[in-house]
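Heads up, the thing below is written out as structure tokens.
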Amino acid sequence: MRIDLHPTGVCGNFKIRPGLMLANGAHMVPGGVNFTIYSSGAKSCELVLYHSHEEKPFATIPFPEDYKIGNVFSMIVFDLDIENIEYGFKVDGEYNFQRGDVFDKNKILLDPYAKIISGRDVWGEEPNWNNEFQYRSKVALEDFDWEGDTPLKTPHHEIIIYEAHVRGFTKDESSGVKFKGTYAGIVEKIPYLKELGINAIELLPIFEFDEFEGARKDAEGKPLLNYWGYSTVGFFAPKAGYAASGKFSMQNDELKNLVKELHKNGIRIILDVVFNHTAEGNEHGPYISFKGIDNKVYYILTPDGYYYNFSGCGNTLNCNNPIVRNFILICLRYWVASYHVDGFRFDLAAILGRNQDGSPMHNPPLLESLAYDPVLSDSILIAEAWDAGGLYQVGSFPNYGRWAEWNGKYRDDLRKFLKGESGKAECLAYRISGSEDIYNRFWRGDCASVNFITCHDGFTLYDLFAYNDKHNEANGWNNSDGGNDNDSWNCGWEGDINLPADIKYLRHKMIKNAAAILLTSWGIPMILAGDEFGNSQFGNNNPYCQDNKISWLDWNDLDKNQDLYKFFKKMIAFRKAHPVLMRMSQGCPAGYPMFSVHGTNAWQFDYSPENRILGVMFAGKTADGADDFIYIGINSHWESHGVWLPQLPQNMTWQVEINTDLGDAAVYDSPDEINSAEQFIIGARSVIVCSSKFKR
């Protein structure tokens with residue numbers, strides 16, 4: 001054993017020595033555990049030790065004065081039963097609210113760097129609220145066998161994202177999995193994901209959070225919980241309640257196994273991360289960790305000590321403070337290095353670019369650090385480029401050529417065009433072509449735009465065409481919560497009760513229209529889980545609190561709406577088969593631009609506001625170097641229209657791959673050739689997708 005790991009002191013029954021100052025949190029060392037914690041304002045610090053699941057601590061060990069260097073306390077404690085201890089810290093310092101110091105030596109605090117957190121081991125199991133230490137830090141064992149796995153290096157051009165909630169994806173009985181609502185449950189659904197064709201799954205927050213935060217009951221006495229989890233308790237620890245093995249503190253290994261199995265099947269994993277605020281809320285919120293350790297360092301405070309609330313959730317993390325910036329960087333590196341995570345979507349990412357006084361920064365150090373970090377160099381970084389404080393940066397998010405963005409303008413323009421609004425045809429052409437009006441390709445690359453029509457926040461794709469208005473009564477706020485600007489259209493019938501057959505046909509057509517455009521647009525497409533088989537939330541566009549059938553996927557819809565599933569599967573496969581749709585084409589056919597816009601007549605686009613006809617053509621090369629042309633004809637008018645497709649080289653002809661006007665037969669098993677000397681009639685509110693083929 002190294003001599004610098006021998007005990008040099010004793011505290012009660014424990015052998016101790018000065019710790020490793022550069023190792024944040026708790027780490028195993030030969031014979032003991034190294035505990036390190038930073039606090040700029042602390043006068044003293046104590047380590048509090050518990051036996052697992054016991055209410056009272058079995059030891060409190062003060063950090064000796066000479067175990068502190070600068071603002072860092074570090075101590076090695078020897079001979080601990082690592083698998084049977086939980087720990088926290090007591091931090092003492094001045095209480096001066098106006099200056100931002102709110103130390104309380106009686107509070108037991110969670111380690112910000114805790115790799116495992118206990119206390120919320122089983123989802124929905126109400127804890128003992130009288131317990132003074134609700135969230136327990138544990139020491140993680142890094143002994144998982146990765147069997148040679150590493151993060152995937154799928155080119156960003158090829159990514160097709162599937163956004164899902166860990167619990168909601170398999171919790172319903174109809175999922176048919178053994179371990180419902182868990183990481184293990186997703187493993188059981190990997191064959192389904194692979195068959196569908198997606199190659200990246202984006203999970204709503206999986207960092208430890210408290211589902212009982214803000215919990216209440218609805219009018220019928222049913223519980224309303226923090227279901228989405230956008231309120232982080234611990235940034236380094238996976239949610240135990242999402243693990244079938246969480247009650248045994250095996251959530252780390254269960255999540256790692258999910259990652260490994262996804263990678264074996266060529267599927268990336270992207271985590272939705274929330275670095276804009278924490279679960280500690282404002283000045284009336286609980287002490288969990290940061291507030292009691294270094295409040296004025298970790299949060300953006302007003303001059304009189306209150307919390308700026310750019311997140312809409314009570315507080316705002318001080319992301320560009322050097323300490324917090326380093327914390328976030330270490331955290332993301334950890335998820336890539338220890339969990340092999342492939343990328344991150346940053347919730348309310350505009351906050352990450354705010355200065356320590358809350359003002360937007362031109363060159364935010366945090367965003368720059370993440371863009372150029374060597375460990376994150378292959379990771380996809382996706383920004384939700386706005387925040388609750390009014391900072392909207394879609395197209396202008398500080399990016400360093402690395403950051404992609406959720407393209408809210410793509411969502412809005414596509415929805416408006418599909419429902420038949422005037423003046424949107426030209427906008428849609430920009431969105432399909434990678435939104436180059438807002439994303440300069442030279443500076444942003446080809447994959448800056450994450451294109452989506454629906455996500456967890458808002459209507460599902462089915463509900464987008466089934467409800468004119470939100471129906472959030474079940475949330476308990478008299479339908480006042482959730483957005484009102486949904487750009488939805490119910491196809492002439494609100495909801496599903498006594499649904500006429502012609503309305504069902506139209507809704508399915510509208511869903512296929514949306515999917516066809518999404519999966520032929522330049523950029524990274526994102527699909528909301530369940531949209532591919534018509535999942536509904538019954539008109540609820542904000543089910544953040546609904547841990548029930550409103551939010552859980554009903555897998556019975558997969559059998560009921562096979563035409564939708566078959567359509568999505570076809571469009572995903574079609575996208576993969578044509579490099580030009582992913583901007584991966586090596587070259588362009590002679591005499592043709594890679595992207596062109598057309599109207600009812602080829603090469604003649606109608607720029608008038610009342611135009612509801614749009615044709616776009618992609619021209620590129622296949623993987624073997626052959627010329628390849630794709631034409632998408634979109635008619636959002638309520639009447640049929642004839643269009644002339646662009647003339648192809650003499651040795652080629654058009655064939656129809658998709659025609660959403662044909663109902664269940666929208667996908668051509670044997671594509672029909674088009675006589676280029678004749679108009680093609682695009683049905684009312686329909687989309688066609690055509691590809692080129694060589695003449696025999």
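All residue names refer to the structure tokens as shown: chains lettered A, B, ... in order, residues numbered from 1 in each chain, ligands numbered from 1 in order.
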_Sel. of strand (DSSP E or B) residues, segment 382-614 of chain A, as a list in words_ =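 Listing strand (DSSP E or B) positions across segment 382-614 of chain A yields Ile382, Ala383, Trp386, Tyr392, Trp403, Ala404, Glu405, Trp406, Ser449, Val450, Asn451, Phe452, Ile524, Pro525, Met526, Ile527, Leu528, Phe595, Ser596, Val597, His598, Asn601, Gln604, Ile613 and Leu614 of chain A.
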_Among segment 357-574 of chain A, which ones does DSSP assign to alpha helix (DSSP H) (computed from the backbone)? Answer as a count of residues only._
71
_Just checking: using only C-alpha atoms, which residue out of A:Thr232, A:Gln604, A:Thr182, A:Thr154 ends up closest to Asp378 of chain A?_
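Smallest separation from Asp378 of chain A among the options: A:Thr154.
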*Write out as a list in words the residues lying within 8 Å of segment 299-307 of chain A, counting only C-alpha atoms and excluding same-chain residues fewer than 5 positions away.*
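Everything that qualifies: Phe97, Gln98, Arg99, Gly100, Asn282, Glu283, Gly314, Asn315, Thr316, Leu317, Asn318, Gln356, Asp357 and Gly358 of chain A.
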*Which one of A:Val656, A:Ala677, A:Ile117, A:Ala623 sits closest to Asp210 of chain A if you count only C-alpha atoms?*
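Ranking A:Val656, A:Ala677, A:Ile117, A:Ala623 by distance to Asp210 of chain A, first place goes to A:Ile117.
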*Go through A:Leu564, A:Tyr372, A:Ser636, A:Tyr462 one by one, measure the shortest atom-to-atom distance of each to Leu414 of chain A using only C-alpha atoms, and give the residue with the smallest value.*
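The answer is A:Ser636, which sits nearest to Leu414 of chain A.
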*Quick one: of A:Cys690, A:Cys447, A:Leu262, A:Leu352, who's nearest to Met584 of chain A, counting only C-alpha atoms?*
A:Cys447
Segment 199-203 of chain A: which residues within 6 Å, counting only C-alpha atoms, same-chain residues fewer than 5 positions away excluded, as a CSV table (one decimal) with N, CA, C and O atoms, in the first residue's frame?
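Here's the written file out09.csv:
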chain,number,residue,atom,x,y,z
A,160,ILE,N,-31.8,9.3,-36.1
A,160,ILE,CA,-33.2,9.4,-36.0
A,160,ILE,C,-33.6,9.2,-34.5
A,160,ILE,O,-33.5,8.1,-34.0
A,161,ILE,N,-34.1,10.3,-33.9
A,161,ILE,CA,-34.3,10.3,-32.4
A,161,ILE,C,-35.7,9.9,-32.1
A,161,ILE,O,-36.7,10.3,-32.8
A,162,TYR,N,-35.8,9.1,-31.0
A,162,TYR,CA,-37.1,8.6,-30.5
A,162,TYR,C,-37.2,9.1,-29.0
A,162,TYR,O,-36.4,8.6,-28.2
A,163,GLU,N,-38.0,10.1,-28.7
A,163,GLU,CA,-38.1,10.6,-27.4
A,163,GLU,C,-39.1,9.8,-26.5
A,163,GLU,O,-40.2,9.6,-26.9
A,164,ALA,N,-38.6,9.3,-25.4
A,164,ALA,CA,-39.5,8.5,-24.5
A,164,ALA,C,-39.3,8.8,-23.1
A,164,ALA,O,-38.2,9.3,-22.6
A,165,HIS,N,-40.3,8.4,-22.3
A,165,HIS,CA,-40.3,8.5,-20.8
A,165,HIS,C,-40.0,7.1,-20.3
A,165,HIS,O,-40.7,6.2,-20.7
A,267,ILE,N,-28.2,1.4,-31.3
A,267,ILE,CA,-29.1,2.5,-30.9
A,267,ILE,C,-28.3,3.4,-29.9
A,267,ILE,O,-27.9,2.9,-28.9
A,268,ARG,N,-28.2,4.7,-30.2
A,268,ARG,CA,-27.6,5.6,-29.3
A,268,ARG,C,-28.6,5.9,-28.2
A,268,ARG,O,-29.8,5.8,-28.3
A,269,ILE,N,-28.0,6.4,-27.0
A,269,ILE,CA,-28.8,6.9,-25.9
A,269,ILE,C,-28.5,8.3,-25.6
A,269,ILE,O,-27.3,8.7,-25.5
A,270,ILE,N,-29.5,9.2,-25.6
A,270,ILE,CA,-29.3,10.6,-25.4
A,270,ILE,C,-30.1,10.9,-24.1
A,270,ILE,O,-31.3,10.5,-23.9
A,271,LEU,N,-29.5,11.6,-23.2
A,271,LEU,CA,-30.2,12.0,-21.9
A,271,LEU,C,-30.7,13.4,-21.9
A,271,LEU,O,-30.0,14.3,-22.3
A,272,ASP,N,-31.9,13.6,-21.5
A,272,ASP,CA,-32.5,15.0,-21.3
A,272,ASP,C,-32.0,15.4,-19.9
A,272,ASP,O,-32.4,14.9,-18.9
_Nearest to Phe73 of chain A, chosen from A:His456, A:Lys153, A:His51, A:Lys43, with only C-alpha atoms counted in the distances_ =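 Smallest separation from Phe73 of chain A among the options: A:Lys43.
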Contact table segment 551-664 of chain A vs segment 428-436 of chain A, cut-off 8 Å, shortest pair per residue, only C-alpha atoms, as a tab-separated table:
residue	atom	partner	partner_atom	distance
A:Phe595	CA	A:Ser433	CA	7.3
A:Val597	CA	A:Ala429	CA	7.1
A:Leu614	CA	A:Ala429	CA	7.5
A:Val616	CA	A:Ala429	CA	7.3
*A:Gly389, A:Gly408, A:Gly458, A:Gly599 ranked by distance to Ser536 of chain A, top pick (using only C-alpha atoms)*: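 Checking each candidate against Ser536 of chain A, we get A:Gly458 as the closest.
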_What's around Asp661 of chain A at 12 Å? Count only C-alpha atoms, leave out sequence neighbours fewer than 4 positions away in its own chain, and write the answer as number ranges by chain._
A: 505-513, 633-636, 639-640, 665-668, 681-689
Could you turn the residues from that selection into a file that holds N, CA and C atoms, as a PDB file, in the first residue's frame?
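This is the output file again.pdb:
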ATOM      1  N   TYR A 505     -60.278   8.506 -40.911  1.00  0.00           N
ATOM      2  CA  TYR A 505     -59.462   8.423 -42.125  1.00  0.00           C
ATOM      3  C   TYR A 505     -58.640   9.697 -42.309  1.00  0.00           C
ATOM      4  N   LEU A 506     -59.284  10.860 -42.122  1.00  0.00           N
ATOM      5  CA  LEU A 506     -58.594  12.130 -42.306  1.00  0.00           C
ATOM      6  C   LEU A 506     -57.487  12.312 -41.277  1.00  0.00           C
ATOM      7  N   ARG A 507     -57.765  11.936 -40.026  1.00  0.00           N
ATOM      8  CA  ARG A 507     -56.738  12.070 -38.983  1.00  0.00           C
ATOM      9  C   ARG A 507     -55.519  11.218 -39.305  1.00  0.00           C
ATOM     10  N   HIS A 508     -55.740   9.989 -39.738  1.00  0.00           N
ATOM     11  CA  HIS A 508     -54.615   9.126 -40.081  1.00  0.00           C
ATOM     12  C   HIS A 508     -53.839   9.713 -41.256  1.00  0.00           C
ATOM     13  N   LYS A 509     -54.555  10.297 -42.200  1.00  0.00           N
ATOM     14  CA  LYS A 509     -53.885  10.926 -43.328  1.00  0.00           C
ATOM     15  C   LYS A 509     -53.008  12.088 -42.847  1.00  0.00           C
ATOM     16  N   MET A 510     -53.533  12.918 -41.944  1.00  0.00           N
ATOM     17  CA  MET A 510     -52.778  14.065 -41.444  1.00  0.00           C
ATOM     18  C   MET A 510     -51.532  13.620 -40.686  1.00  0.00           C
ATOM     19  N   ILE A 511     -51.651  12.536 -39.926  1.00  0.00           N
ATOM     20  CA  ILE A 511     -50.486  11.990 -39.213  1.00  0.00           C
ATOM     21  C   ILE A 511     -49.430  11.537 -40.214  1.00  0.00           C
ATOM     22  N   LYS A 512     -49.860  10.862 -41.266  1.00  0.00           N
ATOM     23  CA  LYS A 512     -48.918  10.395 -42.288  1.00  0.00           C
ATOM     24  C   LYS A 512     -48.293  11.573 -43.033  1.00  0.00           C
ATOM     25  N   ASN A 513     -49.082  12.601 -43.302  1.00  0.00           N
ATOM     26  CA  ASN A 513     -48.523  13.799 -43.925  1.00  0.00           C
ATOM     27  C   ASN A 513     -47.371  14.355 -43.092  1.00  0.00           C
ATOM     28  N   GLY A 633     -44.314  16.038 -52.805  1.00  0.00           N
ATOM     29  CA  GLY A 633     -45.393  16.945 -53.165  1.00  0.00           C
ATOM     30  C   GLY A 633     -46.370  17.067 -52.014  1.00  0.00           C
ATOM     31  N   ILE A 634     -46.636  18.305 -51.577  1.00  0.00           N
ATOM     32  CA  ILE A 634     -47.447  18.544 -50.381  1.00  0.00           C
ATOM     33  C   ILE A 634     -48.618  19.445 -50.749  1.00  0.00           C
ATOM     34  N   ASN A 635     -49.801  18.974 -50.450  1.00  0.00           N
ATOM     35  CA  ASN A 635     -51.018  19.749 -50.713  1.00  0.00           C
ATOM     36  C   ASN A 635     -51.776  19.894 -49.396  1.00  0.00           C
ATOM     37  N   SER A 636     -51.762  21.097 -48.825  1.00  0.00           N
ATOM     38  CA  SER A 636     -52.508  21.330 -47.579  1.00  0.00           C
ATOM     39  C   SER A 636     -53.867  21.961 -47.851  1.00  0.00           C
ATOM     40  N   GLU A 639     -58.811  20.898 -51.402  1.00  0.00           N
ATOM     41  CA  GLU A 639     -59.183  20.414 -52.727  1.00  0.00           C
ATOM     42  C   GLU A 639     -57.972  19.745 -53.380  1.00  0.00           C
ATOM     43  N   SER A 640     -58.233  18.822 -54.295  1.00  0.00           N
ATOM     44  CA  SER A 640     -57.149  18.170 -55.036  1.00  0.00           C
ATOM     45  C   SER A 640     -56.524  19.139 -56.027  1.00  0.00           C
ATOM     46  N   ALA A 665     -53.514   2.003 -47.783  1.00  0.00           N
ATOM     47  CA  ALA A 665     -52.612   1.624 -48.878  1.00  0.00           C
ATOM     48  C   ALA A 665     -51.632   2.743 -49.213  1.00  0.00           C
ATOM     49  N   ALA A 666     -51.390   3.661 -48.265  1.00  0.00           N
ATOM     50  CA  ALA A 666     -50.523   4.816 -48.538  1.00  0.00           C
ATOM     51  C   ALA A 666     -49.107   4.400 -48.901  1.00  0.00           C
ATOM     52  N   VAL A 667     -48.657   3.263 -48.369  1.00  0.00           N
ATOM     53  CA  VAL A 667     -47.319   2.760 -48.660  1.00  0.00           C
ATOM     54  C   VAL A 667     -47.405   1.808 -49.842  1.00  0.00           C
ATOM     55  N   TYR A 668     -46.699   2.128 -50.913  1.00  0.00           N
ATOM     56  CA  TYR A 668     -46.695   1.273 -52.098  1.00  0.00           C
ATOM     57  C   TYR A 668     -45.718   0.115 -51.888  1.00  0.00           C
ATOM     58  N   ILE A 681     -52.175  13.998 -59.856  1.00  0.00           N
ATOM     59  CA  ILE A 681     -53.180  14.607 -58.983  1.00  0.00           C
ATOM     60  C   ILE A 681     -52.852  14.273 -57.532  1.00  0.00           C
ATOM     61  N   ILE A 682     -52.560  15.313 -56.752  1.00  0.00           N
ATOM     62  CA  ILE A 682     -52.353  15.144 -55.308  1.00  0.00           C
ATOM     63  C   ILE A 682     -53.679  15.435 -54.621  1.00  0.00           C
ATOM     64  N   GLY A 683     -54.173  14.450 -53.885  1.00  0.00           N
ATOM     65  CA  GLY A 683     -55.465  14.594 -53.237  1.00  0.00           C
ATOM     66  C   GLY A 683     -55.487  15.706 -52.209  1.00  0.00           C
ATOM     67  N   ALA A 684     -56.691  16.087 -51.801  1.00  0.00           N
ATOM     68  CA  ALA A 684     -56.853  17.120 -50.778  1.00  0.00           C
ATOM     69  C   ALA A 684     -56.127  16.699 -49.502  1.00  0.00           C
ATOM     70  N   ARG A 685     -55.392  17.655 -48.927  1.00  0.00           N
ATOM     71  CA  ARG A 685     -54.654  17.428 -47.680  1.00  0.00           C
ATOM     72  C   ARG A 685     -53.844  16.132 -47.768  1.00  0.00           C
ATOM     73  N   SER A 686     -52.977  16.042 -48.756  1.00  0.00           N
ATOM     74  CA  SER A 686     -52.208  14.820 -48.988  1.00  0.00           C
ATOM     75  C   SER A 686     -50.755  15.133 -49.294  1.00  0.00           C
ATOM     76  N   VAL A 687     -49.923  14.103 -49.165  1.00  0.00           N
ATOM     77  CA  VAL A 687     -48.497  14.185 -49.474  1.00  0.00           C
ATOM     78  C   VAL A 687     -48.124  12.996 -50.341  1.00  0.00           C
ATOM     79  N   ILE A 688     -47.328  13.250 -51.374  1.00  0.00           N
ATOM     80  CA  ILE A 688     -46.748  12.145 -52.132  1.00  0.00           C
ATOM     81  C   ILE A 688     -45.233  12.203 -51.993  1.00  0.00           C
ATOM     82  N   VAL A 689     -44.602  11.046 -52.007  1.00  0.00           N
ATOM     83  CA  VAL A 689     -43.147  10.939 -52.003  1.00  0.00           C
ATOM     84  C   VAL A 689     -42.759  10.079 -53.192  1.00  0.00           C
TER      85      VAL A 689
END
*At what distance in Å, to one decimal, does atom CA of Leu370 of chain A lie from atom CA of Asn320 of chain A?*
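Pair atom CA of Asn320 of chain A / atom CA of Leu370 of chain A returns 11.9 Å.
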*Mind checking which residues fall within 8 Å of segment 106-116 of chain A, counting only C-alpha atoms, ignoring those fewer than 2 positions away in the same chain, and posting them as number ranges by chain?*
A: 24-26, 37, 48, 87-91, 104, 118, 132-133, 135-140, 234-238, 249, 252, 287-290, 292-293
Using only C-alpha atoms, find each residue in segment 108-202 of chain A having at least one atom no more than 10 Å away from segment 222-229 of chain A; report its shortest atom-to-atom pair and that distance in Å (one decimal), rows by chain then rising number, as a Markdown table.
| residue | atom | partner | partner_atom | distance |
| --- | --- | --- | --- | --- |
| A:Gly124 | CA | A:Leu225 | CA | 8.5 |
| A:His165 | CA | A:Trp228 | CA | 7.6 |
| A:Val166 | CA | A:Trp228 | CA | 9.6 |
| A:Arg167 | CA | A:Tyr227 | CA | 8.8 |
| A:Gly168 | CA | A:Tyr227 | CA | 9.2 |
Those same residues, written as a PDB file, in the first residue's frame with C-alpha atoms?
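result_16.pdb was written with the following content:
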ATOM      1  CA  GLY A 124     -44.431   6.034  -5.662  1.00  0.00           C
ATOM      2  CA  HIS A 165     -40.252   8.504 -20.829  1.00  0.00           C
ATOM      3  CA  VAL A 166     -38.656   5.566 -18.989  1.00  0.00           C
ATOM      4  CA  ARG A 167     -41.731   4.807 -16.920  1.00  0.00           C
ATOM      5  CA  GLY A 168     -44.437   5.691 -19.422  1.00  0.00           C
TER       6      GLY A 168
END
*Can you list, as a list in words, every protein, DNA or RNA residue that comes within 8 Å of Phe459 of chain A when you count only C-alpha atoms, leaving out same-chain residues fewer than 5 positions away?*
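Residues meeting the cut-off are Thr454, Leu464, Asn486, Gln537, Gly539, Asn540, Asn541 and Asn542 of chain A.
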Atoms to include: C-alpha atoms. Write the selected residues as a compact mmCIF listing (two decimals), in the first residue's frame.
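Dumped everything to again_26.txt:
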# COMPACT_ATOMS: atom_id res chain seq x y z
CA THR A 454 -44.36 16.82 -31.26
CA LEU A 464 -52.70 17.33 -32.75
CA ASN A 486 -51.00 24.47 -30.19
CA GLN A 537 -53.14 11.67 -24.14
CA GLY A 539 -56.22 16.06 -25.30
CA ASN A 540 -53.90 16.74 -22.35
CA ASN A 541 -51.00 18.86 -23.60
CA ASN A 542 -49.22 19.13 -20.24
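The space between atom CA of Gly534 of chain A and atom CA of Gly615 of chain A spans 26.8 Å.
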